[in-house]
Amino acid sequence: MAKSKKEKLYEGKAKIIYSAEDESEVIIKFKDDATAFDGAKKGKIKGKGSVNNKMSCFLFEYLEKYNVPTHFIEQLSDTEMKAKKVEIILVEVVMRNIAAGSLCKRYGFKEGDKIETPILEFFLKDDDLHDPLMNEYHAYALNLATKDELRQISKLAMKINVVLSSFFERRNILLVDFKLEFGRYDGKLILADEISPDTCRFWDAETRKKLDKDRFRQDLGKVEESYKEILERVLS
Ligand code: TMP
Ligand code: ASP
């Protein structure tokens with residue numbers, strides 16, 4: 001039987017993964033559905049799927065120019081991207097430049113404290129376990145990645161932080177922190193998932209206005225408008 005063109009392979013909280021004609025590729029559809037606190041808070045952000053897809057496509061393409069390998073192939077529509085089909089590594093990599101979110105809760109930093117040496121953190125990608133913080137030894141013990149892979153991941157995450165921080169600085173935006181996911185493709189490690197207001201914290205550099213998912217998490221209002229504003233500033 002001929003393989004149907006678009007078979008749903010996986011549905012997550014914010015994205016659906018479909019098969020593509022080429023078996024080494026997938027189609028990623030970005031949804032308007034929003035969750036926070038491990039899905040305990042649920043909602044919809046109108047236009048989010050489109051913003052997150054467009055921003056991810058743009059930033060993956062931008063990072064490729066700096067020799068960061070990514071899963072991005074092409075933007076297919078407002079809410080869909082064609083990407084390489086990776087074997088995702090179950091490590092969420094967070095880089096932090098300014099204290100916010102769980103860093104404040106865990107270590108007593110005050111929101112907005114500048115972190116002179118950016119902090120790199122690993123979390124286990126497992127919603128049932130509430131994505132616990134872990135170090136590289138947990139990752140080895142859990143067979144999530146090899147030493148060489150984690151070394152490459154850390155190096156890439158630091159490089160991405162430098163490239164993106166200066167990109168956002170030119171747009172008068174502070175890249176407070178962000179989360180990355182990596183995958184294996186053709187024996188190589190590449191950046192996967194998304195780079196969007198769902199997975200990054202963006203503050204206006206002057207007013208410190210939040211332009212990311214914290215507006216939804218913290219019920220700050222003007223959620224849709226803020227997603228649109230940050231996309232416009234990225235594309236400008
Ligand atoms: P945190 O301060 O809640 O640990 O979040 C750090 C960064 O990671 C922030 O930019 C938001 C992003 N993030 C995700 O992309 N997915 C998640 O599930 C969580 C908790 C955070
Ligand atoms: N992605 C997480 C969830 O779905 C939380 C977050 O982004 O804050 O619950």
# chains A, B, ... in the order shown; residues from 1 in each chain; ligands from 1
call {"tool": "residues_near_ligand", "arguments": {"ligand": "ligand 1", "cutoff": "10 Å", "atoms": "only C-alpha atoms and all ligand atoms", "output": "PyMOL selection string"}}
result
chain A and resi 35-39+92-96+99-106+121-123+125-127+130-133+175-181+193-202+212-214+217
call {"tool": "closest_residue", "arguments": {"among": "A:His71, A:Lys15, A:Lys155, A:Lys85", "to": "A:Leu59", "atoms": "only C-alpha atoms"}}
result
A:His71
call {"tool": "select_by_dssp", "arguments": {"residues": "stretch 33-210 of chain A", "states": "strand (DSSP E)", "output": "PyMOL selection string"}}
result
chain A and resi 33-36+41-44+72-75+80-84+87-88+91-98+114-124+133-134+173-185+188-192+200-204
call {"tool": "closest_residue", "arguments": {"among": "A:Ser154, A:Glu74, A:Ile160, A:Arg215", "to": "ligand 2", "atoms": "only C-alpha atoms and all ligand atoms"}}
result
A:Arg215
call {"tool": "closest_residue", "arguments": {"among": "A:Pro118, A:Gly183, A:Gly112, A:Gly49", "to": "A:Leu231", "atoms": "only C-alpha atoms"}}
result
A:Gly49
call {"tool": "select_by_dssp", "arguments": {"residues": "stretch 2-114 of chain A", "states": "helix (DSSP H, G or I)", "output": "VMD selection string"}}
result
chain A and resid 48 to 65 102 to 107
call {"tool": "closest_residue", "arguments": {"among": "A:Gly43, A:Lys8, A:Ala157, A:Glu25", "to": "ligand 2", "atoms": "only C-alpha atoms and all ligand atoms"}}
result
A:Gly43
call {"tool": "residues_around", "arguments": {"residues": "A:Arg151", "least_positions_apart": "6", "cutoff": "12 Å", "atoms": "only C-alpha atoms", "output": "CSV table (one decimal) with N, CA and C atoms, in the first residue's frame"}}
result
chain,number,residue,atom,x,y,z
A,120,LEU,N,24.5,27.2,32.1
A,120,LEU,CA,24.0,26.1,31.3
A,120,LEU,C,23.4,25.0,32.2
A,136,GLU,N,25.4,16.1,33.9
A,136,GLU,CA,25.8,15.2,32.9
A,136,GLU,C,25.9,13.8,33.3
A,139,ALA,N,22.7,12.1,32.9
A,139,ALA,CA,22.4,11.9,31.5
A,139,ALA,C,23.2,10.6,31.0
A,140,TYR,N,24.4,10.4,31.5
A,140,TYR,CA,25.1,9.2,31.1
A,140,TYR,C,24.5,8.0,31.8
A,145,ALA,N,22.7,10.3,26.4
A,145,ALA,CA,23.7,10.8,25.4
A,145,ALA,C,25.1,10.4,25.9
A,157,ALA,N,25.4,25.1,22.5
A,157,ALA,CA,24.4,25.9,23.3
A,157,ALA,C,25.1,27.3,23.6
A,158,MET,N,26.4,27.2,24.0
A,158,MET,CA,27.1,28.5,24.3
A,158,MET,C,27.3,29.3,23.1
A,189,LEU,N,25.0,15.3,15.3
A,189,LEU,CA,24.1,16.0,16.3
A,189,LEU,C,23.6,17.3,15.7
call {"tool": "closest_residue", "arguments": {"among": "A:Glu232, A:Glu61, A:Asp33, A:Glu11", "to": "ligand 2", "atoms": "only C-alpha atoms and all ligand atoms"}}
result
A:Asp33
call {"tool": "residues_around", "arguments": {"residues": "A:Val163", "least_positions_apart": "5", "cutoff": "12 Å", "atoms": "only C-alpha atoms", "output": "PyMOL selection string"}}
result
chain A and resi 59-60+62-68+156-158+168-170+175
call {"tool": "closest_residue", "arguments": {"among": "A:Lys210, A:Lys29, A:Glu149, A:Asp128", "to": "ligand 2", "atoms": "only C-alpha atoms and all ligand atoms"}}
result
A:Asp128
call {"tool": "residues_around", "arguments": {"residues": "A:Leu9", "least_positions_apart": "4", "cutoff": "9 Å", "atoms": "only C-alpha atoms", "output": "list in words"}}
result
Ile16, Ile17, Tyr18, Ser19 and Val26 of chain A
call {"tool": "write_last_selection", "arguments": {"atoms": "all heavy atoms", "output": "compact mmCIF listing (two decimals), in the first residue's frame"}}
result
# COMPACT_ATOMS: atom_id res chain seq x y z
N ILE A 16 2.42 19.21 16.27
CA ILE A 16 2.11 17.88 15.74
C ILE A 16 3.18 17.54 14.71
O ILE A 16 3.57 18.41 13.91
CB ILE A 16 0.73 17.85 15.04
CG1 ILE A 16 -0.36 18.37 15.99
CG2 ILE A 16 0.38 16.44 14.56
CD1 ILE A 16 -1.74 18.50 15.35
N ILE A 17 3.67 16.32 14.75
CA ILE A 17 4.68 15.88 13.79
C ILE A 17 4.01 14.93 12.80
O ILE A 17 3.40 13.93 13.20
CB ILE A 17 5.84 15.13 14.48
CG1 ILE A 17 6.36 15.89 15.72
CG2 ILE A 17 6.97 14.83 13.48
CD1 ILE A 17 7.04 17.18 15.44
N TYR A 18 4.12 15.25 11.50
CA TYR A 18 3.58 14.41 10.43
C TYR A 18 4.73 13.82 9.61
O TYR A 18 5.80 14.43 9.51
CB TYR A 18 2.70 15.23 9.49
CG TYR A 18 1.45 15.79 10.12
CD1 TYR A 18 1.41 17.10 10.55
CD2 TYR A 18 0.31 15.00 10.26
CE1 TYR A 18 0.25 17.64 11.12
CE2 TYR A 18 -0.85 15.51 10.82
CZ TYR A 18 -0.87 16.84 11.26
OH TYR A 18 -2.00 17.35 11.82
N SER A 19 4.45 12.70 9.00
CA SER A 19 5.42 12.14 8.07
C SER A 19 5.47 13.04 6.83
O SER A 19 4.51 13.75 6.53
CB SER A 19 5.01 10.74 7.66
OG SER A 19 3.77 10.80 6.98
N VAL A 26 10.27 15.30 8.18
CA VAL A 26 8.95 15.40 8.82
C VAL A 26 8.35 16.77 8.55
O VAL A 26 9.07 17.71 8.17
CB VAL A 26 9.01 15.20 10.36
CG1 VAL A 26 9.29 13.75 10.73
CG2 VAL A 26 10.01 16.14 11.01
call {"tool": "residues_around", "arguments": {"residues": "A:Glu80", "least_positions_apart": "2", "cutoff": "12 Å", "atoms": "only C-alpha atoms", "output": "number ranges by chain"}}
result
A: 15-18, 20, 26-31, 49-57, 72-78, 82-83, 194
